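To start, the structure itself, in structure tokens.
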Amino acid sequence: MSSETPPSDSPSGHPAEHPAERPAERREVSVRRAPRFAPFMLLGVAVGFIAALIIAYTSPPDPTLTRESVLGFFFVVLALPGLLLGALVVLVLDRRSVRRARRLSADPVEDDA
């Protein structure tokens, strides 16, 4: 008879524990409400478009340009600053949400699926 030990599942030589046998590990997590970037940036583009509409249709007409071409020009000129302004607003709100984050402890749960 040989004195071999049964093969172990872990590199340390100890039999592997089943997930049900492991003690529950409590972890500390950060919980915060973070804003989404896309809606704020799209809102900035929309504000740029509205400003371009106001400029194109309230300014005196130019006989060499159509109102639509003036609208297109001002939309291109004002959309990028509107996008950047929306991004700046969302970055400020995101930074503010990081400061207001709460630290909570979480217990793992077993998935029965």
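Lettering and numbering for the structure tokens are positional, with chains as A, B, ... in the shown order, residues counted from 1 in each chain, and ligands counted from 1 in the shown order.
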Could you list, with a cut-off of 6 Å and counting only C-alpha atoms, the residues of region 19-76 of chain A near region 99-113 of chain A, each shown with its nearest atom pair and the distance in Å rounded to one decimal, rows sorted by chain and ascending number, as CSV?
```
residue,atom,partner,partner_atom,distance
A:Arg26,CA,A:Asp107,CA,4.9
A:Arg27,CA,A:Ala106,CA,5.3
A:Glu28,CA,A:Ser105,CA,4.3
A:Val29,CA,A:Leu104,CA,5.4
A:Ser30,CA,A:Arg103,CA,4.7
A:Val31,CA,A:Arg102,CA,5.3
A:Arg32,CA,A:Ala101,CA,4.6
```
*Would you mind listing what lies within 12 Å of region 75-80 of chain A as a list in words, with only C-alpha atoms counted and same-chain residues fewer than 4 positions away left out?*
Met41, Leu42, Leu43, Gly44, Val45, Ala46, Val47, Gly48, Phe49, Ile50, Ala51, Ala52, Leu53, Ile54, Ile55, Ala56, Arg67, Glu68, Ser69, Val70, Leu71, Leu84, Leu85, Gly86 and Ala87 of chain A
*asked:* Between A:Phe40, A:Tyr57, A:Leu83, A:Pro35, which residue has the minimum interatomic distance to Arg96 (chain A), considering only C-alpha atoms?
replied: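 Closest candidate: A:Pro35.
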_Run DSSP on the backbone and tell me which residues of region 71-113 of chain A come out as strand (DSSP E or B); list them as number ranges by chain._
A: 102-106
Output the selection as an mmCIF file, in the first residue's frame - N, CA and C atoms for each residue.
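Written output follows (result-v8.cif):
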```
data_model
loop_
_atom_site.group_PDB
_atom_site.id
_atom_site.type_symbol
_atom_site.label_atom_id
_atom_site.label_comp_id
_atom_site.auth_asym_id
_atom_site.auth_seq_id
_atom_site.Cartn_x
_atom_site.Cartn_y
_atom_site.Cartn_z
ATOM 1 N N ARG A 102 -21.488 57.855 -0.981
ATOM 2 C CA ARG A 102 -21.582 57.254 0.346
ATOM 3 C C ARG A 102 -20.847 55.923 0.346
ATOM 4 N N ARG A 103 -20.197 55.621 1.446
ATOM 5 C CA ARG A 103 -19.501 54.337 1.610
ATOM 6 C C ARG A 103 -20.436 53.405 2.364
ATOM 7 N N LEU A 104 -20.708 52.253 1.786
ATOM 8 C CA LEU A 104 -21.575 51.255 2.398
ATOM 9 C C LEU A 104 -20.866 49.919 2.390
ATOM 10 N N SER A 105 -21.310 49.028 3.246
ATOM 11 C CA SER A 105 -20.750 47.684 3.237
ATOM 12 C C SER A 105 -21.745 46.754 2.544
ATOM 13 N N ALA A 106 -21.204 45.827 1.769
ATOM 14 C CA ALA A 106 -22.051 44.906 0.997
ATOM 15 C C ALA A 106 -21.655 43.476 1.324
#
```
_Which of region 37-87 of chain A DSSP labels alpha helix (DSSP H), written as a ChimeraX atom specification_ = /A:37-58,67-87
May I have the residues from that selection written out with C-alpha atoms, as a CSV table (one decimal), in the first residue's frame?
```
chain,number,residue,atom,x,y,z
A,37,PHE,CA,-22.7,62.2,-20.5
A,38,ALA,CA,-24.6,61.9,-23.8
A,39,PRO,CA,-27.9,63.7,-22.8
A,40,PHE,CA,-26.0,66.7,-21.5
A,41,MET,CA,-23.9,66.9,-24.6
A,42,LEU,CA,-26.9,66.5,-26.9
A,43,LEU,CA,-28.7,69.2,-24.9
A,44,GLY,CA,-25.7,71.5,-25.5
A,45,VAL,CA,-26.0,70.8,-29.3
A,46,ALA,CA,-29.7,71.5,-29.2
A,47,VAL,CA,-29.1,74.8,-27.4
A,48,GLY,CA,-26.6,75.7,-30.1
A,49,PHE,CA,-29.2,74.9,-32.8
A,50,ILE,CA,-31.8,77.0,-31.1
A,51,ALA,CA,-29.3,79.9,-30.9
A,52,ALA,CA,-28.6,79.4,-34.6
A,53,LEU,CA,-32.3,79.5,-35.4
A,54,ILE,CA,-32.7,82.7,-33.5
A,55,ILE,CA,-29.8,84.4,-35.2
A,56,ALA,CA,-30.8,83.2,-38.7
A,57,TYR,CA,-34.4,84.2,-38.6
A,58,THR,CA,-34.2,87.4,-36.5
A,67,ARG,CA,-31.8,81.9,-44.4
A,68,GLU,CA,-31.1,78.2,-44.5
A,69,SER,CA,-27.5,78.7,-45.4
A,70,VAL,CA,-27.1,81.2,-42.6
A,71,LEU,CA,-28.8,78.7,-40.2
A,72,GLY,CA,-26.4,76.0,-41.4
A,73,PHE,CA,-23.3,78.2,-40.9
A,74,PHE,CA,-24.3,79.3,-37.4
A,75,PHE,CA,-25.3,75.8,-36.4
A,76,VAL,CA,-21.9,74.5,-37.3
A,77,VAL,CA,-20.3,77.5,-35.5
A,78,LEU,CA,-22.5,77.2,-32.3
A,79,ALA,CA,-22.9,73.3,-32.1
A,80,LEU,CA,-19.4,72.7,-31.0
A,81,PRO,CA,-19.4,75.3,-28.2
A,82,GLY,CA,-22.8,73.9,-27.1
A,83,LEU,CA,-21.4,70.4,-27.0
A,84,LEU,CA,-18.4,71.6,-25.0
A,85,LEU,CA,-20.6,73.5,-22.6
A,86,GLY,CA,-22.7,70.4,-22.0
A,87,ALA,CA,-19.6,68.3,-21.4
```
